[in-house]
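Undergrad: I have a structure I would like to understand better, so I am pasting it below and will then ask my questions one at a time.
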Amino acid sequence: MSFINLKDVTFEVMSIKGIFPIDKWDFKSESILVDLPGEDYELLTAHQSEQIYKKGEILFKEGAYPSGIFYITKGKVKKYKVDNEGREQIVYLANTGQLIGYHAILSEDRYPDSAAVIEESTIAFIPKEDFLNTLEHSPVLNTRLLKTLSHEFAVLANSLTMFAQRTVRERLALQLIVIREKYKVNLMEGMPIEINISREDLASLVGTARENVVRTLTEFKEAGILETKGRKIIIGNVNKLIEIANYK
């Protein structure tokens, strides 16, 4: 186990706006419920319930029929698929403020993937009937969902290209940049951003073996790009990660 000496590290400006197109790689659904008209919000949350989930608990499984949607009040959730050999591929990480589980309801189909929390999380459940009823009465919600779905399609297209054309080193750098954005919420400028994720989940996001992720993280650490603190990863040089990601 390696510990970081914060006195020896200069943390860069947290924002990467202008130097990296984060929206091309990161799913965004936080804006769906922001400032939703009061009447629409009341319809949507009329029978909402909230529950605390422990790390590893499953919200829903691929192939099950949806009974509602989930709103992450606090925490992080991974959406993933499992192949015939039991190997897990994480599709993306959802963050505080995001909605998940609505795709299956909109398509009137089963869940196309599974979802589980990666840290203790507080999650609200909104029944399917309330969600559909609100959609019928809310042009604002309809427009926002359509915009979000369009954005997700673009992100998935970029991700497919990434897996087909990028090296493991480039993919890991790119995923660390994206995950860093999710963990910097509510942090003050100049504070270290700690990414708390297992090496197994990180490998699943990158689409490689755990050993490859561990080896590449060690290379990044030796290059002074990041430090580790148990399973936590603390990025000190995001500009170097952006250079390695070679996103252009």
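Order determines the names: the first chain of the structure tokens is A, the second B, and so forth; residues in each chain are numbered 1 upward, and ligands are numbered 1 upward as they are shown.
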Quick one: residues within 12 Å of region 132-141 of chain A, only C-alpha atoms, excluding same-chain residues fewer than 6 positions away - as a list of chain:residue names?
TA: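 Contacts, in chain order: A:Ser29, A:Ser31, A:Ile32, A:Leu33, A:Val34, A:Asp35, A:Leu36, A:Pro37, A:Gly38, A:Glu39, A:Asp40, A:Tyr41, A:Glu42, A:Leu43, A:Leu44, A:Thr45, A:Ala46, A:Ser67, A:Gly68, A:Ile69, A:Tyr102, A:Ile105, A:Leu106, A:Ser107, A:Glu108, A:Ile126, A:Lys147, A:Thr148.
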Undergrad: How would the residues just chosen look if you wrote them out with N, CA, C and O atoms as a compact mmCIF listing (two decimals), in the first residue's frame?
TA:
# COMPACT_ATOMS: atom_id res chain seq x y z
N SER A 29 -27.25 13.13 -17.11
CA SER A 29 -28.69 13.17 -16.93
C SER A 29 -29.07 14.02 -15.71
O SER A 29 -30.22 14.05 -15.31
N SER A 31 -29.41 17.13 -15.44
CA SER A 31 -30.26 18.29 -15.73
C SER A 31 -31.72 17.93 -15.96
O SER A 31 -32.56 18.82 -16.09
N ILE A 32 -32.05 16.65 -15.99
CA ILE A 32 -33.42 16.25 -16.31
C ILE A 32 -34.43 16.78 -15.30
O ILE A 32 -35.50 17.26 -15.67
N LEU A 33 -34.11 16.72 -14.01
CA LEU A 33 -35.06 17.13 -12.98
C LEU A 33 -34.80 18.53 -12.42
O LEU A 33 -35.59 19.03 -11.63
N VAL A 34 -33.70 19.16 -12.85
CA VAL A 34 -33.36 20.48 -12.33
C VAL A 34 -34.40 21.51 -12.75
O VAL A 34 -34.70 21.66 -13.94
N ASP A 35 -34.98 22.20 -11.78
CA ASP A 35 -35.97 23.24 -12.04
C ASP A 35 -37.14 22.75 -12.89
O ASP A 35 -37.71 23.49 -13.68
N LEU A 36 -37.50 21.47 -12.73
CA LEU A 36 -38.69 20.96 -13.39
C LEU A 36 -39.90 21.71 -12.84
O LEU A 36 -39.97 21.96 -11.64
N PRO A 37 -40.85 22.12 -13.69
CA PRO A 37 -42.03 22.83 -13.18
C PRO A 37 -42.65 22.14 -11.99
O PRO A 37 -42.74 20.90 -11.95
N GLY A 38 -43.05 22.91 -11.00
CA GLY A 38 -43.55 22.36 -9.74
C GLY A 38 -44.61 21.29 -9.90
O GLY A 38 -44.57 20.24 -9.24
N GLU A 39 -45.58 21.55 -10.78
CA GLU A 39 -46.67 20.59 -10.97
C GLU A 39 -46.13 19.27 -11.53
O GLU A 39 -46.55 18.18 -11.10
N ASP A 40 -45.19 19.36 -12.45
CA ASP A 40 -44.60 18.15 -13.04
C ASP A 40 -43.80 17.38 -11.99
O ASP A 40 -43.86 16.15 -11.93
N TYR A 41 -43.05 18.12 -11.17
CA TYR A 41 -42.24 17.47 -10.15
C TYR A 41 -43.11 16.76 -9.12
O TYR A 41 -42.79 15.65 -8.68
N GLU A 42 -44.22 17.36 -8.76
CA GLU A 42 -45.13 16.74 -7.79
C GLU A 42 -45.73 15.47 -8.35
O GLU A 42 -45.91 14.47 -7.64
N LEU A 43 -46.08 15.49 -9.65
CA LEU A 43 -46.60 14.28 -10.29
C LEU A 43 -45.57 13.17 -10.27
O LEU A 43 -45.88 12.01 -9.95
N LEU A 44 -44.35 13.53 -10.59
CA LEU A 44 -43.28 12.54 -10.70
C LEU A 44 -42.93 11.91 -9.36
O LEU A 44 -42.66 10.71 -9.27
N THR A 45 -42.95 12.70 -8.32
CA THR A 45 -42.49 12.23 -7.00
C THR A 45 -43.64 11.91 -6.04
O THR A 45 -43.41 11.75 -4.84
N ALA A 46 -44.86 11.80 -6.55
CA ALA A 46 -46.04 11.58 -5.70
C ALA A 46 -45.91 10.34 -4.82
O ALA A 46 -46.35 10.33 -3.67
N SER A 67 -40.03 -1.72 -13.06
CA SER A 67 -41.23 -1.29 -12.34
C SER A 67 -41.14 0.18 -11.97
O SER A 67 -42.05 0.73 -11.35
N GLY A 68 -40.03 0.82 -12.35
CA GLY A 68 -39.86 2.23 -12.06
C GLY A 68 -38.48 2.71 -12.44
O GLY A 68 -37.69 1.98 -13.06
N ILE A 69 -38.18 3.95 -12.10
CA ILE A 69 -36.87 4.52 -12.39
C ILE A 69 -36.18 4.88 -11.07
O ILE A 69 -36.82 4.94 -10.01
N TYR A 102 -34.58 4.37 -16.88
CA TYR A 102 -35.73 4.85 -17.66
C TYR A 102 -35.73 4.34 -19.11
O TYR A 102 -36.76 4.35 -19.77
N ILE A 105 -38.19 1.45 -19.68
CA ILE A 105 -39.59 1.88 -19.64
C ILE A 105 -39.96 2.58 -20.94
O ILE A 105 -41.04 2.33 -21.51
N LEU A 106 -39.10 3.44 -21.42
CA LEU A 106 -39.38 4.16 -22.66
C LEU A 106 -39.48 3.20 -23.85
O LEU A 106 -40.28 3.42 -24.77
N SER A 107 -38.69 2.14 -23.84
CA SER A 107 -38.70 1.17 -24.95
C SER A 107 -39.72 0.06 -24.72
O SER A 107 -39.87 -0.82 -25.58
N GLU A 108 -40.39 0.08 -23.56
CA GLU A 108 -41.37 -0.96 -23.20
C GLU A 108 -40.74 -2.34 -23.30
O GLU A 108 -41.30 -3.26 -23.89
N ILE A 126 -38.89 5.84 -8.21
CA ILE A 126 -40.12 6.46 -8.72
C ILE A 126 -40.87 5.42 -9.52
O ILE A 126 -40.36 4.90 -10.51
N LYS A 147 -33.25 14.97 -25.32
CA LYS A 147 -31.91 15.55 -25.43
C LYS A 147 -30.87 14.64 -24.76
O LYS A 147 -29.78 14.42 -25.30
N THR A 148 -31.22 14.10 -23.59
CA THR A 148 -30.31 13.22 -22.86
C THR A 148 -30.04 11.94 -23.63
O THR A 148 -28.90 11.47 -23.74
Undergrad: How close does each residue of region 52-109 of chain A get to region 201-217 of chain A, giving the shortest atom pair and distance in Å to one decimal for every residue with an atom at most 8 Å away, counting only C-alpha atoms, sorted by chain and residue number, as JSON lines?
TA:
{"residue": "A:Glu88", "atom": "CA", "partner": "A:Ser204", "partner_atom": "CA", "distance": 6.2}
{"residue": "A:Gln89", "atom": "CA", "partner": "A:Ser204", "partner_atom": "CA", "distance": 4.9}
{"residue": "A:Ile90", "atom": "CA", "partner": "A:Leu205", "partner_atom": "CA", "distance": 5.0}
{"residue": "A:Val91", "atom": "CA", "partner": "A:Leu205", "partner_atom": "CA", "distance": 6.9}
{"residue": "A:Tyr92", "atom": "CA", "partner": "A:Leu205", "partner_atom": "CA", "distance": 7.2}
Undergrad: Can those selected residues be exported to a file as an mmCIF file, in the first residue's frame so that it contains all heavy atoms?
TA:
data_model
loop_
_atom_site.group_PDB
_atom_site.id
_atom_site.type_symbol
_atom_site.label_atom_id
_atom_site.label_comp_id
_atom_site.auth_asym_id
_atom_site.auth_seq_id
_atom_site.Cartn_x
_atom_site.Cartn_y
_atom_site.Cartn_z
ATOM 1 N N GLU A 88 -17.639 -9.188 -16.577
ATOM 2 C CA GLU A 88 -18.426 -7.960 -16.456
ATOM 3 C C GLU A 88 -17.815 -6.834 -17.282
ATOM 4 O O GLU A 88 -16.614 -6.626 -17.268
ATOM 5 C CB GLU A 88 -18.483 -7.546 -14.980
ATOM 6 C CG GLU A 88 -19.355 -6.355 -14.674
ATOM 7 C CD GLU A 88 -19.354 -6.022 -13.189
ATOM 8 O OE1 GLU A 88 -19.896 -6.825 -12.401
ATOM 9 O OE2 GLU A 88 -18.794 -4.972 -12.823
ATOM 10 N N GLN A 89 -18.680 -6.139 -18.016
ATOM 11 C CA GLN A 89 -18.241 -4.947 -18.753
ATOM 12 C C GLN A 89 -19.083 -3.767 -18.294
ATOM 13 O O GLN A 89 -20.296 -3.747 -18.498
ATOM 14 C CB GLN A 89 -18.420 -5.149 -20.264
ATOM 15 C CG GLN A 89 -18.077 -3.920 -21.099
ATOM 16 C CD GLN A 89 -16.604 -3.546 -21.018
ATOM 17 O OE1 GLN A 89 -15.737 -4.351 -21.342
ATOM 18 N NE2 GLN A 89 -16.307 -2.326 -20.596
ATOM 19 N N ILE A 90 -18.453 -2.806 -17.643
ATOM 20 C CA ILE A 90 -19.184 -1.634 -17.176
ATOM 21 C C ILE A 90 -19.450 -0.701 -18.344
ATOM 22 O O ILE A 90 -18.539 -0.347 -19.100
ATOM 23 C CB ILE A 90 -18.400 -0.889 -16.073
ATOM 24 C CG1 ILE A 90 -18.246 -1.800 -14.847
ATOM 25 C CG2 ILE A 90 -19.113 0.403 -15.683
ATOM 26 C CD1 ILE A 90 -17.468 -1.169 -13.707
ATOM 27 N N VAL A 91 -20.706 -0.321 -18.500
ATOM 28 C CA VAL A 91 -21.109 0.586 -19.574
ATOM 29 C C VAL A 91 -20.775 2.020 -19.191
ATOM 30 O O VAL A 91 -20.208 2.779 -19.969
ATOM 31 C CB VAL A 91 -22.609 0.445 -19.885
ATOM 32 C CG1 VAL A 91 -23.016 1.379 -21.024
ATOM 33 C CG2 VAL A 91 -22.954 -1.003 -20.221
ATOM 34 N N TYR A 92 -21.156 2.400 -17.976
ATOM 35 C CA TYR A 92 -20.774 3.719 -17.462
ATOM 36 C C TYR A 92 -21.081 3.821 -15.980
ATOM 37 O O TYR A 92 -21.790 2.991 -15.416
ATOM 38 C CB TYR A 92 -21.462 4.848 -18.236
ATOM 39 C CG TYR A 92 -22.941 5.044 -17.969
ATOM 40 C CD1 TYR A 92 -23.391 5.937 -17.008
ATOM 41 C CD2 TYR A 92 -23.902 4.385 -18.719
ATOM 42 C CE1 TYR A 92 -24.737 6.148 -16.778
ATOM 43 C CE2 TYR A 92 -25.259 4.586 -18.504
ATOM 44 C CZ TYR A 92 -25.664 5.473 -17.539
ATOM 45 O OH TYR A 92 -27.013 5.666 -17.315
#
Undergrad: What lies within 10 Å of region 220-222 of chain A using only C-alpha atoms, ignoring chain neighbours under 5 positions off, as an NGL selection string?
TA: :A and (169 or 173 or 214-215 or 227-228 or 233-237 or 240-241)
Undergrad: Tell me, which residues of region 32-171 of chain A carry DSSP strand (DSSP E or B), written as a ChimeraX atom specification?
TA: /A:49-53,58-60,68-74,77-82,88-94,99-100,114-117,121-127
Undergrad: Take the residues from that selection and put them in a file with C-alpha atoms, as a tab-separated table (two decimals), in the first residue's frame.
TA:
chain	number	residue	atom	x	y	z
A	49	SER	CA	-39.57	6.20	-1.86
A	50	GLU	CA	-35.94	6.46	-0.76
A	51	GLN	CA	-33.52	3.79	0.40
A	52	ILE	CA	-29.88	3.52	1.45
A	53	TYR	CA	-27.96	0.85	-0.45
A	58	ILE	CA	-27.97	-4.47	-7.03
A	59	LEU	CA	-30.69	-2.08	-8.18
A	60	PHE	CA	-31.84	-4.13	-11.13
A	68	GLY	CA	-39.86	2.23	-12.06
A	69	ILE	CA	-36.87	4.52	-12.39
A	70	PHE	CA	-34.10	5.39	-9.95
A	71	TYR	CA	-32.76	8.79	-8.91
A	72	ILE	CA	-29.35	8.87	-7.23
A	73	THR	CA	-29.74	11.25	-4.30
A	74	LYS	CA	-26.19	10.55	-3.15
A	77	VAL	CA	-23.89	3.40	-9.50
A	78	LYS	CA	-22.31	1.25	-12.18
A	79	LYS	CA	-24.33	0.04	-15.15
A	80	TYR	CA	-22.90	-3.12	-16.62
A	81	LYS	CA	-23.42	-6.18	-18.78
A	82	VAL	CA	-22.18	-9.73	-18.15
A	88	GLU	CA	-18.43	-7.96	-16.46
A	89	GLN	CA	-18.24	-4.95	-18.75
A	90	ILE	CA	-19.18	-1.63	-17.18
A	91	VAL	CA	-21.11	0.59	-19.57
A	92	TYR	CA	-20.77	3.72	-17.46
A	93	LEU	CA	-20.79	5.13	-13.95
A	94	ALA	CA	-23.80	7.19	-12.87
A	99	LEU	CA	-31.60	9.18	-13.31
A	100	ILE	CA	-31.18	5.55	-14.35
A	114	SER	CA	-27.69	-4.37	-14.76
A	115	ALA	CA	-27.02	-1.71	-12.12
A	116	ALA	CA	-25.26	-1.92	-8.74
A	117	VAL	CA	-23.94	0.68	-6.30
A	121	SER	CA	-25.64	5.35	-1.83
A	122	THR	CA	-29.01	6.93	-1.15
A	123	ILE	CA	-31.36	6.27	-4.05
A	124	ALA	CA	-34.96	7.27	-4.67
A	125	PHE	CA	-37.35	4.98	-6.53
A	126	ILE	CA	-40.12	6.46	-8.72
A	127	PRO	CA	-42.87	4.04	-9.81
Undergrad: Between CA of His151 (chain A) and CA of Ala245 (chain A), what is the spacing in Å?
TA: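 Atom-to-atom, CA of Ala245 (chain A) to CA of His151 (chain A), that is 21.2 Å.
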Undergrad: Between A:Lys128, A:Lys182, A:Lys61, A:Arg144, which one has atoms that come closest to Phe27 (chain A), using only C-alpha atoms?
TA: A:Lys182
Undergrad: Which residue out of A:Gln48, A:Thr96, A:Asn84, A:Asn158 has the minimum interatomic distance to Lys184 (chain A) when only C-alpha atoms are used?
TA: A:Thr96
Undergrad: Could you give me, as a PyMOL selection string, each residue of region 48-155 of chain A that DSSP assigns to alpha helix (DSSP H) when run on this structure's backbone?
TA: chain A and resi 102-106+128-137+139-155
Undergrad: Within 10 Å of Ala64 (chain A), counting only C-alpha atoms, which residues show up once you throw out same-chain ones fewer than 4 positions away? Write them as a list in words, please.
TA: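 Those residues are Phe60, Ala104, Asp109, Arg110, Tyr111, Pro112, Asp113 and Ser114 of chain A.
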Undergrad: Dump all heavy atoms for the selected residues as a PDB file, in the first residue's frame?
TA:
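Okay, this is what ended up in selection37.pdb:
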ATOM      1  N   PHE A  60     -31.055  -3.308 -10.209  1.00  0.00           N
ATOM      2  CA  PHE A  60     -31.837  -4.132 -11.132  1.00  0.00           C
ATOM      3  C   PHE A  60     -30.893  -4.983 -11.969  1.00  0.00           C
ATOM      4  O   PHE A  60     -29.700  -4.693 -12.069  1.00  0.00           O
ATOM      5  CB  PHE A  60     -32.737  -3.285 -12.033  1.00  0.00           C
ATOM      6  CG  PHE A  60     -32.044  -2.200 -12.807  1.00  0.00           C
ATOM      7  CD1 PHE A  60     -31.352  -2.481 -13.991  1.00  0.00           C
ATOM      8  CD2 PHE A  60     -32.095  -0.882 -12.379  1.00  0.00           C
ATOM      9  CE1 PHE A  60     -30.732  -1.480 -14.720  1.00  0.00           C
ATOM     10  CE2 PHE A  60     -31.475   0.131 -13.097  1.00  0.00           C
ATOM     11  CZ  PHE A  60     -30.783  -0.171 -14.273  1.00  0.00           C
ATOM     12  N   ALA A 104     -35.489   1.287 -20.297  1.00  0.00           N
ATOM     13  CA  ALA A 104     -36.333   0.104 -20.479  1.00  0.00           C
ATOM     14  C   ALA A 104     -37.814   0.474 -20.493  1.00  0.00           C
ATOM     15  O   ALA A 104     -38.611  -0.106 -21.237  1.00  0.00           O
ATOM     16  CB  ALA A 104     -36.051  -0.904 -19.361  1.00  0.00           C
ATOM     17  N   ASP A 109     -39.571  -2.457 -22.731  1.00  0.00           N
ATOM     18  CA  ASP A 109     -38.814  -3.702 -22.835  1.00  0.00           C
ATOM     19  C   ASP A 109     -38.168  -4.036 -21.488  1.00  0.00           C
ATOM     20  O   ASP A 109     -38.327  -3.311 -20.506  1.00  0.00           O
ATOM     21  CB  ASP A 109     -37.737  -3.536 -23.911  1.00  0.00           C
ATOM     22  CG  ASP A 109     -37.277  -4.864 -24.499  1.00  0.00           C
ATOM     23  OD1 ASP A 109     -37.638  -5.920 -23.947  1.00  0.00           O
ATOM     24  OD2 ASP A 109     -36.547  -4.828 -25.504  1.00  0.00           O
ATOM     25  N   ARG A 110     -37.429  -5.129 -21.459  1.00  0.00           N
ATOM     26  CA  ARG A 110     -36.685  -5.505 -20.258  1.00  0.00           C
ATOM     27  C   ARG A 110     -35.448  -4.614 -20.104  1.00  0.00           C
ATOM     28  O   ARG A 110     -35.048  -3.942 -21.050  1.00  0.00           O
ATOM     29  CB  ARG A 110     -36.243  -6.971 -20.355  1.00  0.00           C
ATOM     30  CG  ARG A 110     -37.388  -7.982 -20.492  1.00  0.00           C
ATOM     31  CD  ARG A 110     -36.799  -9.349 -20.830  1.00  0.00           C
ATOM     32  NE  ARG A 110     -37.838 -10.326 -21.142  1.00  0.00           N
ATOM     33  CZ  ARG A 110     -38.271 -11.250 -20.291  1.00  0.00           C
ATOM     34  NH1 ARG A 110     -37.740 -11.318 -19.086  1.00  0.00           N
ATOM     35  NH2 ARG A 110     -39.221 -12.100 -20.643  1.00  0.00           N
ATOM     36  N   TYR A 111     -34.842  -4.664 -18.912  1.00  0.00           N
ATOM     37  CA  TYR A 111     -33.610  -3.915 -18.699  1.00  0.00           C
ATOM     38  C   TYR A 111     -32.524  -4.449 -19.643  1.00  0.00           C
ATOM     39  O   TYR A 111     -32.292  -5.664 -19.689  1.00  0.00           O
ATOM     40  CB  TYR A 111     -33.115  -4.057 -17.265  1.00  0.00           C
ATOM     41  CG  TYR A 111     -33.906  -3.269 -16.249  1.00  0.00           C
ATOM     42  CD1 TYR A 111     -34.596  -3.904 -15.221  1.00  0.00           C
ATOM     43  CD2 TYR A 111     -33.953  -1.873 -16.306  1.00  0.00           C
ATOM     44  CE1 TYR A 111     -35.310  -3.179 -14.279  1.00  0.00           C
ATOM     45  CE2 TYR A 111     -34.662  -1.142 -15.367  1.00  0.00           C
ATOM     46  CZ  TYR A 111     -35.345  -1.795 -14.357  1.00  0.00           C
ATOM     47  OH  TYR A 111     -36.049  -1.082 -13.432  1.00  0.00           O
ATOM     48  N   PRO A 112     -31.826  -3.574 -20.380  1.00  0.00           N
ATOM     49  CA  PRO A 112     -30.759  -4.030 -21.288  1.00  0.00           C
ATOM     50  C   PRO A 112     -29.441  -4.277 -20.570  1.00  0.00           C
ATOM     51  O   PRO A 112     -28.499  -4.804 -21.156  1.00  0.00           O
ATOM     52  CB  PRO A 112     -30.627  -2.856 -22.266  1.00  0.00           C
ATOM     53  CG  PRO A 112     -30.987  -1.663 -21.438  1.00  0.00           C
ATOM     54  CD  PRO A 112     -32.076  -2.130 -20.497  1.00  0.00           C
ATOM     55  N   ASP A 113     -29.365  -3.892 -19.302  1.00  0.00           N
ATOM     56  CA  ASP A 113     -28.145  -4.072 -18.522  1.00  0.00           C
ATOM     57  C   ASP A 113     -28.506  -4.155 -17.047  1.00  0.00           C
ATOM     58  O   ASP A 113     -29.681  -4.097 -16.672  1.00  0.00           O
ATOM     59  CB  ASP A 113     -27.153  -2.933 -18.774  1.00  0.00           C
ATOM     60  CG  ASP A 113     -27.811  -1.558 -18.715  1.00  0.00           C
ATOM     61  OD1 ASP A 113     -28.814  -1.412 -17.976  1.00  0.00           O
ATOM     62  OD2 ASP A 113     -27.343  -0.632 -19.397  1.00  0.00           O
ATOM     63  N   SER A 114     -27.494  -4.294 -16.210  1.00  0.00           N
ATOM     64  CA  SER A 114     -27.694  -4.365 -14.757  1.00  0.00           C
ATOM     65  C   SER A 114     -27.128  -3.107 -14.106  1.00  0.00           C
ATOM     66  O   SER A 114     -26.344  -2.373 -14.708  1.00  0.00           O
ATOM     67  CB  SER A 114     -27.003  -5.599 -14.180  1.00  0.00           C
ATOM     68  OG  SER A 114     -27.469  -6.783 -14.787  1.00  0.00           O
TER      69      SER A 114
END
Undergrad: What is the distance between CA of Ala223 (chain A) and CA of Leu172 (chain A), in Å to one decimal?
TA: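 Result for CA of Ala223 (chain A) versus CA of Leu172 (chain A): 14.8 Å, one decimal.
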Undergrad: Calculated over only C-alpha atoms, which of the candidates A:Glu119, A:Glu219, A:Glu181, A:Glu243 has the smallest distance to Asn196 (chain A)?
TA: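 Residue with the minimum atom-to-atom distance to Asn196 (chain A): A:Glu119.
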Undergrad: Can you work out the spacing between CA of Gly101 (chain A) and CA of Gln175 (chain A) in Å, to one decimal?
TA: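 So the two atoms, CA of Gly101 (chain A) and CA of Gln175 (chain A), lie 22.6 Å apart.
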Undergrad: Check the smallest atom-to-atom distance from each of A:Trp25, A:Lys17, A:Ser198, A:Asn95 to Leu160 (chain A) using only C-alpha atoms, then report the winner.
TA: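 Using only C-alpha atoms, Leu160 (chain A) sits closest to A:Trp25.
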